[in-house]
>>> print(open('protein01.csv').read())   # CSV, C-alpha atoms
chain,number,residue,atom,x,y,z
A,26,MET,CA,16.7,93.7,27.9
A,27,ALA,CA,19.8,91.4,28.0
A,28,THR,CA,21.1,90.4,31.4
A,29,VAL,CA,24.8,91.1,31.6
A,30,ALA,CA,27.4,89.5,33.9
A,31,ALA,CA,31.1,90.5,34.2
A,32,LEU,CA,33.9,88.0,34.4
A,33,VAL,CA,37.2,89.5,35.7
A,34,VAL,CA,40.3,87.3,35.1
A,35,ALA,CA,42.8,87.6,38.0
A,36,ALA,CA,44.4,84.2,38.4
A,37,GLY,CA,47.7,85.0,36.7
A,38,ARG,CA,51.2,85.3,37.9
A,39,GLY,CA,52.9,88.2,36.1
A,40,LYS,CA,56.6,87.5,35.5
A,41,ARG,CA,57.4,91.1,34.3
A,42,MET,CA,56.4,92.7,37.6
A,43,PRO,CA,57.9,90.7,40.4
A,44,GLY,CA,57.0,91.5,44.0
A,45,GLU,CA,55.9,90.2,47.3
A,46,ILE,CA,52.3,89.9,46.2
A,47,PRO,CA,50.8,89.4,42.7
A,48,LYS,CA,50.4,92.6,40.7
A,49,GLN,CA,46.6,92.5,40.7
A,50,TYR,CA,46.7,93.1,44.5
A,51,ARG,CA,49.3,95.9,44.3
A,52,SER,CA,48.1,99.3,45.5
A,53,LEU,CA,46.9,101.9,43.1
A,54,ALA,CA,45.8,105.2,44.6
A,55,GLY,CA,45.2,103.4,47.9
A,56,ARG,CA,43.2,100.5,46.6
A,57,PRO,CA,44.3,97.2,45.1
A,58,ILE,CA,44.4,97.2,41.3
A,59,LEU,CA,41.9,94.4,41.2
A,60,THR,CA,39.4,96.4,43.3
A,61,HIS,CA,39.4,99.2,40.7
A,62,SER,CA,38.8,96.7,37.9
A,63,LEU,CA,36.0,94.9,39.6
A,64,ALA,CA,34.2,98.0,40.8
A,65,ALA,CA,34.3,99.6,37.4
A,66,LEU,CA,32.3,96.8,35.9
A,67,ARG,CA,30.1,95.9,38.9
A,68,ASN,CA,28.9,99.4,39.3
A,69,HIS,CA,27.9,99.8,35.6
A,70,PRO,CA,24.1,100.1,35.5
A,71,GLN,CA,23.7,97.2,32.9
A,72,VAL,CA,25.9,94.7,34.8
A,73,SER,CA,23.8,92.6,37.2
A,74,ALA,CA,26.5,90.3,38.5
A,75,ALA,CA,30.3,90.1,38.6
A,76,LEU,CA,32.6,87.2,39.2
A,77,ALA,CA,36.4,87.0,39.6
A,78,VAL,CA,38.6,84.1,38.7
A,79,ILE,CA,41.5,84.0,41.1
A,80,HIS,CA,44.6,81.9,41.9
A,81,PRO,CA,44.0,79.3,44.7
A,82,ASP,CA,46.8,80.9,46.8
A,83,ASP,CA,45.2,84.4,46.7
A,84,LEU,CA,42.0,83.9,48.6
A,85,LYS,CA,42.9,86.1,51.6
A,86,LEU,CA,44.3,88.8,49.3
A,87,TYR,CA,41.1,88.6,47.3
A,88,GLU,CA,38.8,88.8,50.3
A,89,ALA,CA,40.6,91.9,51.6
A,90,ALA,CA,40.5,93.6,48.1
A,91,THR,CA,36.8,93.0,47.6
A,92,ALA,CA,35.4,93.8,51.0
A,93,GLY,CA,32.2,95.8,50.5
A,94,LEU,CA,31.7,94.9,46.8
A,95,ASP,CA,28.6,93.0,45.7
A,96,LEU,CA,30.2,90.1,43.9
A,97,LEU,CA,29.6,86.4,43.3
A,98,PRO,CA,31.9,83.9,45.1
A,99,PRO,CA,35.2,83.7,43.2
A,100,VAL,CA,36.1,80.8,41.0
A,101,LEU,CA,39.6,79.2,41.2
A,102,GLY,CA,41.6,79.5,38.0
A,103,GLY,CA,43.2,76.8,35.9
A,104,PRO,CA,46.7,76.2,34.5
A,105,SER,CA,46.2,78.8,31.7
A,106,ARG,CA,44.2,81.9,31.1
A,107,GLN,CA,41.9,80.0,28.7
A,108,ASP,CA,41.2,77.4,31.4
A,109,SER,CA,40.4,80.2,33.9
A,110,VAL,CA,38.0,81.9,31.6
A,111,ARG,CA,36.3,78.7,30.7
A,112,GLU,CA,35.8,77.9,34.5
A,113,GLY,CA,34.3,81.3,35.0
A,114,LEU,CA,32.0,81.0,32.0
A,115,GLU,CA,30.8,77.6,33.2
A,116,ARG,CA,29.8,79.2,36.6
A,117,LEU,CA,28.1,82.1,34.9
A,118,SER,CA,26.1,79.8,32.7
A,119,LEU,CA,24.4,78.5,35.8
A,120,LEU,CA,22.9,81.9,36.6
A,121,PRO,CA,19.3,82.3,35.4
A,122,GLY,CA,18.7,84.9,32.8
A,123,VAL,CA,22.3,85.8,32.1
A,124,ASP,CA,22.8,85.9,28.3
A,125,ARG,CA,25.8,88.3,27.8
A,126,VAL,CA,29.2,88.5,29.4
A,127,LEU,CA,32.0,91.0,29.6
A,128,ILE,CA,35.4,89.4,30.1
A,129,HIS,CA,38.0,91.8,31.5
A,130,ASP,CA,41.6,91.7,32.6
A,131,GLY,CA,41.9,92.2,36.4
A,132,VAL,CA,44.9,94.4,35.8
A,133,ARG,CA,43.1,97.0,33.6
A,134,PRO,CA,41.9,99.2,36.5
A,135,LEU,CA,41.1,102.4,34.6
A,136,LEU,CA,38.1,101.4,32.6
A,137,PRO,CA,35.9,104.3,31.4
A,138,VAL,CA,32.2,103.8,31.5
A,139,ALA,CA,31.9,104.9,27.9
A,140,VAL,CA,34.0,101.9,26.7
A,141,ILE,CA,31.7,99.5,28.5
A,142,ASP,CA,28.7,101.2,26.9
A,143,ARG,CA,30.2,100.8,23.4
A,144,VAL,CA,31.0,97.1,23.8
A,145,LEU,CA,27.5,96.4,25.1
A,146,ALA,CA,25.9,98.4,22.3
A,147,ALA,CA,27.8,96.4,19.7
A,148,LEU,CA,26.5,93.1,21.1
A,149,ASP,CA,23.1,94.1,19.9
A,150,LYS,CA,24.4,93.4,16.4
A,151,THR,CA,27.1,90.7,16.7
A,152,PRO,CA,27.8,87.7,19.0
A,153,GLY,CA,31.1,89.3,20.0
A,154,ALA,CA,32.6,92.8,20.5
A,155,ILE,CA,35.8,94.0,21.9
A,156,ALA,CA,37.4,97.3,22.8
A,157,GLY,CA,40.5,98.3,21.0
A,158,LEU,CA,42.8,101.1,19.8
A,159,GLN,CA,43.6,101.8,16.2
A,160,VAL,CA,47.3,101.5,15.4
A,161,VAL,CA,48.7,104.9,14.4
A,162,ASP,CA,52.5,104.2,14.5
A,163,THR,CA,54.3,102.6,11.5
A,164,LEU,CA,54.8,98.9,12.1
A,165,LYS,CA,58.1,97.1,11.4
A,166,ARG,CA,58.8,93.4,11.3
A,167,THR,CA,62.3,92.5,12.6
A,168,ASP,CA,64.7,89.6,12.7
A,169,GLY,CA,67.7,89.6,15.0
A,170,GLY,CA,67.3,93.3,15.7
A,171,LEU,CA,67.2,94.3,12.1
A,172,ILE,CA,64.1,95.5,10.1
A,173,THR,CA,63.0,93.0,7.5
A,174,ALA,CA,59.8,94.6,6.4
A,175,THR,CA,57.4,97.5,6.9
A,176,VAL,CA,53.9,96.2,7.8
A,177,SER,CA,50.8,98.1,6.7
A,178,ARG,CA,48.9,99.5,9.6
A,179,ASP,CA,45.7,99.7,7.6
A,180,GLY,CA,42.9,98.0,9.6
A,181,MET,CA,45.3,97.2,12.5
A,182,TRP,CA,44.0,97.5,16.0
A,183,ARG,CA,45.5,96.8,19.5
A,184,ALA,CA,43.0,94.7,21.5
A,185,GLN,CA,41.9,95.7,24.9
A,186,THR,CA,39.3,94.5,27.3
A,187,PRO,CA,36.4,94.3,28.1
A,188,GLN,CA,35.6,91.8,25.5
A,189,GLY,CA,31.9,91.1,25.3
A,190,PHE,CA,30.0,88.1,24.0
A,191,HIS,CA,26.7,86.3,24.0
A,192,LEU,CA,27.3,83.9,26.9
A,193,GLU,CA,26.3,80.6,25.3
A,194,ALA,CA,28.2,81.3,22.1
A,195,ILE,CA,31.5,82.1,23.9
A,196,LEU,CA,31.2,79.2,26.3
A,197,MET,CA,30.8,76.8,23.4
A,198,ALA,CA,33.7,78.4,21.7
A,199,HIS,CA,35.9,77.9,24.8
A,200,ARG,CA,34.9,74.3,25.2
A,201,LYS,CA,35.9,73.6,21.6
A,202,SER,CA,39.2,75.4,22.0
A,203,ALA,CA,40.2,73.6,25.2
A,204,GLY,CA,43.9,72.8,25.1
A,205,ARG,CA,44.8,75.4,22.4
A,206,GLU,CA,46.9,78.4,23.2
A,207,LEU,CA,45.0,81.5,22.0
A,208,THR,CA,45.9,85.0,23.1
A,209,ASP,CA,42.5,86.4,24.0
A,210,ASP,CA,38.8,85.6,24.0
A,211,ALA,CA,38.3,87.3,20.7
A,212,ALA,CA,40.7,84.7,19.2
A,213,VAL,CA,38.7,81.9,20.8
A,214,ALA,CA,35.5,83.4,19.2
A,215,GLU,CA,37.2,83.8,15.8
A,216,ALA,CA,38.4,80.2,15.9
A,217,ALA,CA,34.8,79.1,16.4
A,218,GLY,CA,33.7,81.1,13.5
A,219,LEU,CA,31.9,83.8,15.5
A,220,GLU,CA,31.8,87.4,14.2
A,221,VAL,CA,33.5,89.8,16.5
A,222,ALA,CA,33.1,93.6,16.2
A,223,ILE,CA,35.7,96.1,17.5
A,224,VAL,CA,34.8,99.4,19.0
A,225,ALA,CA,36.9,102.3,20.2
A,226,GLY,CA,38.6,101.6,23.5
A,227,ASP,CA,40.5,104.2,25.6
A,228,ALA,CA,44.3,104.7,26.0
A,229,ARG,CA,43.7,105.1,29.8
A,230,ALA,CA,42.5,101.5,30.0
A,231,LEU,CA,46.1,100.3,30.0
A,232,LYS,CA,47.1,96.8,31.1
A,233,ILE,CA,49.5,97.0,34.1
A,234,THR,CA,52.3,94.6,33.4
A,235,THR,CA,55.4,96.6,34.6
A,236,GLU,CA,56.3,99.0,37.3
A,237,SER,CA,56.3,101.8,34.7
A,238,ASP,CA,52.6,100.9,33.8
A,239,LEU,CA,51.7,101.2,37.5
A,240,ARG,CA,53.4,104.6,37.8
A,241,ARG,CA,51.5,105.8,34.6
A,242,ALA,CA,48.2,104.6,36.1
A,243,GLU,CA,49.0,106.6,39.3
A,244,ARG,CA,49.7,109.7,37.2
A,245,LEU,CA,46.5,109.2,35.3
A,246,LEU,CA,44.4,109.0,38.5
A,247,ALA,CA,46.2,112.0,40.0
A,248,GLY,CA,46.3,114.0,36.7
A,249,ALA,CA,43.8,116.1,34.8
A,250,THR,CA,40.4,116.2,36.3
A,251,GLU,CA,37.1,117.9,35.6
A,252,THR,CA,34.6,119.1,38.2
A,253,ARG,CA,31.0,118.0,37.9
A,254,ILE,CA,27.9,119.1,39.8
A,255,GLY,CA,24.8,117.0,40.6
A,256,SER,CA,21.6,117.9,42.3
A,257,GLY,CA,19.0,115.8,44.1
A,258,PHE,CA,15.5,116.5,45.6
A,259,ASP,CA,13.2,114.2,47.5
A,260,VAL,CA,10.0,114.4,49.6
A,261,HIS,CA,8.4,112.0,52.1
A,262,ARG,CA,5.1,112.5,53.9
A,263,PHE,CA,4.5,112.0,57.6
A,264,GLY,CA,2.7,108.9,59.0
A,265,PRO,CA,2.5,107.0,62.2
A,266,GLY,CA,5.7,106.6,64.2
A,267,ASP,CA,7.8,108.0,66.9
A,268,HIS,CA,10.9,109.1,65.0
A,269,VAL,CA,12.2,110.0,61.6
A,270,MET,CA,15.5,109.0,59.9
A,271,LEU,CA,17.4,112.1,58.7
A,272,CYS,CA,21.0,112.0,57.4
A,273,GLY,CA,21.4,108.5,58.8
A,274,ILE,CA,20.4,109.3,62.4
A,275,ARG,CA,17.3,108.6,64.4
A,276,VAL,CA,15.5,111.9,65.3
A,277,PRO,CA,12.7,111.6,67.9
A,278,HIS,CA,9.4,113.0,66.6
A,279,GLY,CA,5.7,112.5,67.1
A,280,GLN,CA,5.4,111.1,63.6
A,281,GLY,CA,7.4,109.0,61.2
A,282,LEU,CA,8.1,109.4,57.5
A,283,ILE,CA,6.5,106.9,55.1
A,284,GLY,CA,8.6,105.2,52.4
A,285,HIS,CA,9.6,101.8,51.0
A,286,SER,CA,13.0,102.0,52.7
A,287,ASP,CA,13.6,103.9,55.9
A,288,ALA,CA,12.4,107.1,54.1
A,289,ASP,CA,15.5,109.1,54.9
A,290,VAL,CA,14.7,112.0,52.7
A,291,ALA,CA,18.1,113.7,53.1
A,292,LEU,CA,20.1,110.7,52.1
A,293,HIS,CA,17.8,110.1,49.2
A,294,ALA,CA,18.4,113.6,47.9
A,295,ALA,CA,22.2,113.2,48.5
A,296,THR,CA,22.3,109.9,46.6
A,297,ASP,CA,20.5,111.4,43.6
A,298,ALA,CA,23.0,114.4,43.7
A,299,LEU,CA,26.0,112.0,43.5
A,300,LEU,CA,24.4,109.8,40.8
A,301,GLY,CA,23.6,113.0,38.9
A,302,ALA,CA,27.2,114.2,39.1
A,303,ILE,CA,28.5,111.1,37.5
A,304,GLY,CA,25.7,110.7,35.0
A,305,ASP,CA,24.5,107.4,36.4
A,306,GLY,CA,20.7,107.7,36.5
A,307,ASP,CA,18.8,108.1,39.7
A,308,ILE,CA,17.9,106.4,43.0
A,309,GLY,CA,14.7,104.8,41.6
A,310,GLN,CA,16.7,103.2,38.7
A,311,HIS,CA,19.2,101.5,41.0
A,312,TYR,CA,17.0,100.8,44.0
A,313,PRO,CA,13.4,100.6,42.7
A,314,PRO,CA,10.8,101.1,45.4
A,315,GLY,CA,8.9,98.0,44.2
A,316,ASP,CA,11.9,95.7,44.9
A,317,PRO,CA,11.4,93.7,48.1
A,318,ARG,CA,15.2,93.9,48.7
A,319,TRP,CA,14.9,97.5,49.7
A,320,LYS,CA,11.9,97.1,52.0
A,321,GLY,CA,12.8,98.9,55.2
A,322,ALA,CA,16.5,99.3,54.0
A,323,ALA,CA,18.8,101.8,55.6
A,324,SER,CA,19.3,104.6,53.1
A,325,ALA,CA,22.9,104.8,54.1
A,326,ARG,CA,23.3,101.7,51.8
A,327,PHE,CA,22.2,103.8,48.8
A,328,LEU,CA,24.5,106.6,49.5
A,329,ALA,CA,27.5,104.3,50.1
A,330,ASP,CA,26.8,102.6,46.8
A,331,ALA,CA,26.6,105.9,45.0
A,332,VAL,CA,30.0,107.0,46.3
A,333,GLU,CA,31.5,103.7,45.4
A,334,ARG,CA,30.2,104.2,41.8
A,335,LEU,CA,32.0,107.6,41.9
A,336,ARG,CA,35.3,106.0,43.1
A,337,ALA,CA,35.0,103.2,40.5
A,338,ARG,CA,35.3,106.0,37.9
A,339,GLY,CA,38.4,107.3,39.5
A,340,GLY,CA,36.6,110.2,41.0
A,341,ARG,CA,36.3,111.7,44.5
A,342,LEU,CA,33.8,113.8,46.3
A,343,LEU,CA,34.6,117.5,46.7
A,344,ASN,CA,31.7,118.5,48.8
A,345,LEU,CA,28.0,117.7,49.6
A,346,ASP,CA,25.5,120.4,50.7
A,347,VAL,CA,22.1,119.2,52.0
A,348,THR,CA,19.2,121.4,52.8
A,349,LEU,CA,16.3,120.0,54.8
A,350,ILE,CA,12.9,121.8,54.4
A,351,CYS,CA,10.4,121.3,57.2
A,352,GLU,CA,8.7,123.0,60.1
A,353,GLU,CA,9.3,120.1,62.4
A,354,PRO,CA,11.4,118.4,63.7
A,355,ARG,CA,14.1,120.9,64.7
A,356,ILE,CA,17.3,120.2,62.8
A,357,GLY,CA,19.7,122.4,64.7
A,358,PRO,CA,20.2,120.2,67.8
A,359,HIS,CA,21.1,117.2,65.5
A,360,ARG,CA,23.2,119.0,62.8
A,361,ASP,CA,26.6,118.0,64.1
A,362,ARG,CA,25.7,114.3,64.4
A,363,MET,CA,24.1,114.4,61.0
A,364,ARG,CA,27.3,115.9,59.4
A,365,ALA,CA,29.5,113.3,61.1
A,366,GLN,CA,27.2,110.4,60.0
A,367,VAL,CA,27.1,111.5,56.4
A,368,ALA,CA,30.9,112.0,56.3
A,369,GLU,CA,31.3,108.5,57.7
A,370,ILE,CA,29.0,107.0,55.1
A,371,LEU,CA,30.9,108.8,52.3
A,372,GLY,CA,34.4,108.2,53.8
A,373,VAL,CA,35.4,111.9,53.6
A,374,ALA,CA,36.4,114.6,56.1
A,375,ILE,CA,33.5,116.2,57.9
A,376,GLU,CA,34.6,119.6,56.4
A,377,ARG,CA,33.3,118.4,53.0
A,378,ILE,CA,29.8,118.0,54.3
A,379,ASN,CA,27.3,120.7,55.1
A,380,ILE,CA,23.8,120.2,56.5
A,381,LYS,CA,21.4,123.1,56.9
A,382,ALA,CA,17.6,123.6,57.3
A,383,THR,CA,15.0,126.0,56.4
A,384,THR,CA,11.2,126.4,56.5
A,385,THR,CA,8.7,127.6,53.9
A,386,GLU,CA,7.2,130.2,56.3
A,387,LYS,CA,4.1,128.0,56.9
A,388,LEU,CA,3.4,127.8,53.1
A,389,GLY,CA,2.9,124.6,51.1
A,390,PHE,CA,2.8,121.0,52.3
A,391,THR,CA,5.9,121.4,54.5
A,392,GLY,CA,4.4,124.6,56.0
A,393,ARG,CA,1.3,122.6,56.9
A,394,GLY,CA,3.5,120.0,58.6
A,395,GLU,CA,2.6,117.2,56.1
A,396,GLY,CA,6.1,116.0,55.5
A,397,VAL,CA,9.8,116.8,54.9
A,398,ALA,CA,11.6,117.7,51.8
A,399,ALA,CA,15.3,117.8,51.1
A,400,GLN,CA,17.5,119.0,48.3
A,401,ALA,CA,21.2,118.3,47.9
A,402,VAL,CA,24.1,119.5,45.7
A,403,ALA,CA,27.2,117.4,45.2
A,404,SER,CA,30.4,118.4,43.5
A,405,VAL,CA,32.9,115.8,42.4
A,406,ALA,CA,36.2,115.6,40.6
A,407,LEU,CA,36.5,113.0,37.8
A,408,PRO,CA,39.3,112.1,35.4
A,409,ALA,CA,39.0,114.4,32.3
A,410,ALA,CA,36.8,112.7,29.7
A,411,ASP,CA,39.2,113.1,26.8
A,412,GLY,CA,36.3,112.6,24.5
A,413,ALA,CA,35.4,109.2,25.9
>>> encode(input="protein01.csv", output="structure tokens")
Amino acid sequence: MATVAALVVAAGRGKRMPGEIPKQYRSLAGRPILTHSLAALRNHPQVSAALAVIHPDDLKLYEAATAGLDLLPPVLGGPSRQDSVREGLERLSLLPGVDRVLIHDGVRPLLPVAVIDRVLAALDKTPGAIAGLQVVDTLKRTDGGLITATVSRDGMWRAQTPQGFHLEAILMAHRKSAGRELTDDAAVAEAAGLEVAIVAGDARALKITTESDLRRAERLLAGATETRIGSGFDVHRFGPGDHVMLCGIRVPHGQGLIGHSDADVALHAATDALLGAIGDGDIGQHYPPGDPRWKGAASARFLADAVERLRARGGRLLNLDVTLICEEPRIGPHRDRMRAQVAEILGVAIERINIKATTTEKLGFTGRGEGVAAQAVASVALPAADGA
């Protein structure tokens, strides 16, 4: 499978949206615009690395906007957008195994997962592919405010991002086009003779260039939503130890739970429930047990990443209900701390979290005291799909 990196261009200085800070760092639904853009790509299951190109004066703003995101160190941009992209591509070319790149505008924060999927799928057949919208309005050519001609809209598209390419091909194209003024990376690819496909984009993936664009994005995030439900289930057996990790807290016990990470069966089930609600695979896909990075890892990292994936899609957690199934240890004395800890990990009010426990009346492996099971159900609100 191809290894994909994302390159987010955020070095510009927008002239149509003046303000105290550059527009990519303006707040959108409580987070910088750039944060939304980066998270949408970095959290996609096929994207293994993400890199931003930023203005040299914006380092502190960038650091604040990207705290907690798993990103490569930023690259400083050049005098033009083409220079900035080329600098970013040069850096990505040094990463082993990366052979495809998604280039995205840092001020397109509302990027549906389905659009990324379509661009990546098209790259299996062509060296370049971009997202776009078919033109449906009648086009007029004007001069001095007067119409001079009606232009056929047949075959006309409005280009969006991400624009995806085979990395080596687009890097060579950018090197050849250095010094020219081309409007987007597809134009750079075209100038180099590369075939570029176009796939359906999404009207929500607007580029924020004016205050009205920002207000529209706010309305989209606050507008029509759909509720989705996800479920998770996990089991870990007992082994040597003097405590178990449950819901992110240490519970004293005569045995431990065996697992590659900290074996927090409750957080594993909760993570799967969140991933299920957003249709993003499962815990084993994102944090495989054979990967040494997760050896002994705190399962809170998995749950925190899952909720960040939800937020990157413009969603929010409505509630999480976790049921622990075991004879021992007793859950009741720890329930309040467990709720508080899970709420903190997810960044939500404690009222949205429920933790409960039951037994199997001495039946089955939990009844025999061989381990602990957990199931979880999560409900989330996401922007309405609109066919995306």
>>> closest_residue(input="protein01.csv", among="A:Leu292, A:Val224, A:Ala331, A:Leu343", to="Ile254 of chain A", atoms="only C-alpha atoms")
A:Leu343
>>> residues_around(input="protein01.csv", residues="Ile233 of chain A", least_positions_apart="6", cutoff="7 Å", atoms="only C-alpha atoms", output="number ranges by chain")
A: 132-133, 239
>>> closest_atom_pairs(input="protein01.csv", of="segment 321-345 of chain A", to="segment 95-103 of chain A", cutoff="12 Å", atoms="all atoms listed in the file", output="Markdown table")
| residue | atom | partner | partner_atom | distance |
| --- | --- | --- | --- | --- |
| A:Arg326 | CA | A:Asp95 | CA | 11.9 |
| A:Asp330 | CA | A:Asp95 | CA | 9.8 |
| A:Glu333 | CA | A:Asp95 | CA | 11.1 |
| A:Arg334 | CA | A:Asp95 | CA | 12.0 |
>>> residues_around(input="protein01.csv", residues="segment 43-46 of chain A", least_positions_apart="6", cutoff="12 Å", atoms="all atoms listed in the file", output="ChimeraX atom specification")
/A:37,52,57-58,80,82-83,85-87,234-236
>>> closest_atom_pairs(input="protein01.csv", of="segment 71-166 of chain A", to="segment 202-212 of chain A", cutoff="9 Å", atoms="all atoms listed in the file", output="tab-separated table")
residue	atom	partner	partner_atom	distance
A:Ser105	CA	A:Glu206	CA	8.5
A:Arg106	CA	A:Asp209	CA	8.6
A:Gln107	CA	A:Ala203	CA	7.5
A:Asp108	CA	A:Ala203	CA	7.3
A:Val110	CA	A:Asp210	CA	8.5
A:Arg111	CA	A:Ala203	CA	8.5
A:Ile128	CA	A:Asp210	CA	8.0
A:Gly153	CA	A:Ala211	CA	7.5
A:Ala154	CA	A:Ala211	CA	7.9
A:Ile155	CA	A:Ala211	CA	7.3
>>> residues_around(input="protein01.csv", residues="Ala156 of chain A", least_positions_apart="3", cutoff="12 Å", atoms="only C-alpha atoms", output="ChimeraX atom specification")
/A:127-129,136-137,139-148,153,159,182-190,210-211,221-228,230-231
>>> atom_distance(input="protein01.csv", atom1="atom CA of Val276 of chain A", atom2="atom CA of Lys381 of chain A")
15.2 Å
>>> residues_around(input="protein01.csv", residues="Val123 of chain A", least_positions_apart="4", cutoff="8 Å", atoms="all atoms listed in the file", output="JSON, numbers by chain")
{"A": [27, 28, 29, 30, 117, 118, 192]}
>>> residues_around(input="protein01.csv", residues="Pro354 of chain A", least_positions_apart="5", cutoff="9 Å", atoms="all atoms listed in the file", output="VMD selection string")
chain A and resid 269 276 to 279
>>> atom_distance(input="protein01.csv", atom1="atom CA of Pro317 of chain A", atom2="atom CA of Leu299 of chain A")
23.9 Å
>>> atom_distance(input="protein01.csv", atom1="atom CA of Thr175 of chain A", atom2="atom CA of Ser237 of chain A")
28.2 Å
>>> axis_aligned_box(input="protein01.csv", around="segment 357-366 of chain A", padding_each_side="5 Å", output="JSON")
{"center_x": 24.6, "center_y": 116.4, "center_z": 63.6, "size_x": 19.8, "size_y": 22.0, "size_z": 18.4}
>>> closest_residue(input="protein01.csv", among="A:Gly306, A:Gly169, A:Gly218, A:Gly273", to="Gly257 of chain A", atoms="all atoms listed in the file")
A:Gly306
>>> decode(input="protein01.csv", residues="segment 327-362 of chain A", atoms="C-alpha atoms", output="PDB file, in the first residue's frame")
ATOM      1  CA  PHE A 327      -6.010   5.771  22.310  1.00  0.00           C
ATOM      2  CA  LEU A 328      -9.236   7.296  23.589  1.00  0.00           C
ATOM      3  CA  ALA A 329      -7.890  10.844  23.311  1.00  0.00           C
ATOM      4  CA  ASP A 330      -6.870  10.184  19.707  1.00  0.00           C
ATOM      5  CA  ALA A 331     -10.288   8.726  18.886  1.00  0.00           C
ATOM      6  CA  VAL A 332     -12.109  11.810  20.173  1.00  0.00           C
ATOM      7  CA  GLU A 333      -9.699  14.040  18.236  1.00  0.00           C
ATOM      8  CA  ARG A 334     -10.650  12.103  15.093  1.00  0.00           C
ATOM      9  CA  LEU A 335     -14.278  12.837  15.905  1.00  0.00           C
ATOM     10  CA  ARG A 336     -13.586  16.549  16.340  1.00  0.00           C
ATOM     11  CA  ALA A 337     -11.587  16.656  13.105  1.00  0.00           C
ATOM     12  CA  ARG A 338     -14.791  15.656  11.330  1.00  0.00           C
ATOM     13  CA  GLY A 339     -16.630  18.548  12.957  1.00  0.00           C
ATOM     14  CA  GLY A 340     -18.347  16.217  15.424  1.00  0.00           C
ATOM     15  CA  ARG A 341     -18.870  16.116  19.161  1.00  0.00           C
ATOM     16  CA  LEU A 342     -19.511  13.434  21.737  1.00  0.00           C
ATOM     17  CA  LEU A 343     -23.061  13.306  23.057  1.00  0.00           C
ATOM     18  CA  ASN A 344     -22.573  10.561  25.618  1.00  0.00           C
ATOM     19  CA  LEU A 345     -20.535   7.476  26.444  1.00  0.00           C
ATOM     20  CA  ASP A 346     -21.906   4.529  28.416  1.00  0.00           C
ATOM     21  CA  VAL A 347     -19.431   1.888  29.638  1.00  0.00           C
ATOM     22  CA  THR A 348     -20.329  -1.414  31.308  1.00  0.00           C
ATOM     23  CA  LEU A 349     -17.629  -3.393  33.127  1.00  0.00           C
ATOM     24  CA  ILE A 350     -18.301  -7.131  33.455  1.00  0.00           C
ATOM     25  CA  CYS A 351     -16.423  -8.890  36.241  1.00  0.00           C
ATOM     26  CA  GLU A 352     -16.705 -10.542  39.648  1.00  0.00           C
ATOM     27  CA  GLU A 353     -13.668  -8.668  40.968  1.00  0.00           C
ATOM     28  CA  PRO A 354     -12.478  -6.010  41.552  1.00  0.00           C
ATOM     29  CA  ARG A 355     -15.415  -4.079  42.970  1.00  0.00           C
ATOM     30  CA  ILE A 356     -16.209  -1.138  40.712  1.00  0.00           C
ATOM     31  CA  GLY A 357     -18.603   0.826  42.937  1.00  0.00           C
ATOM     32  CA  PRO A 358     -15.977   2.438  45.203  1.00  0.00           C
ATOM     33  CA  HIS A 359     -14.114   3.765  42.137  1.00  0.00           C
ATOM     34  CA  ARG A 360     -17.020   4.759  39.901  1.00  0.00           C
ATOM     35  CA  ASP A 361     -16.917   8.515  40.508  1.00  0.00           C
ATOM     36  CA  ARG A 362     -13.177   8.739  39.875  1.00  0.00           C
TER      37      ARG A 362
END
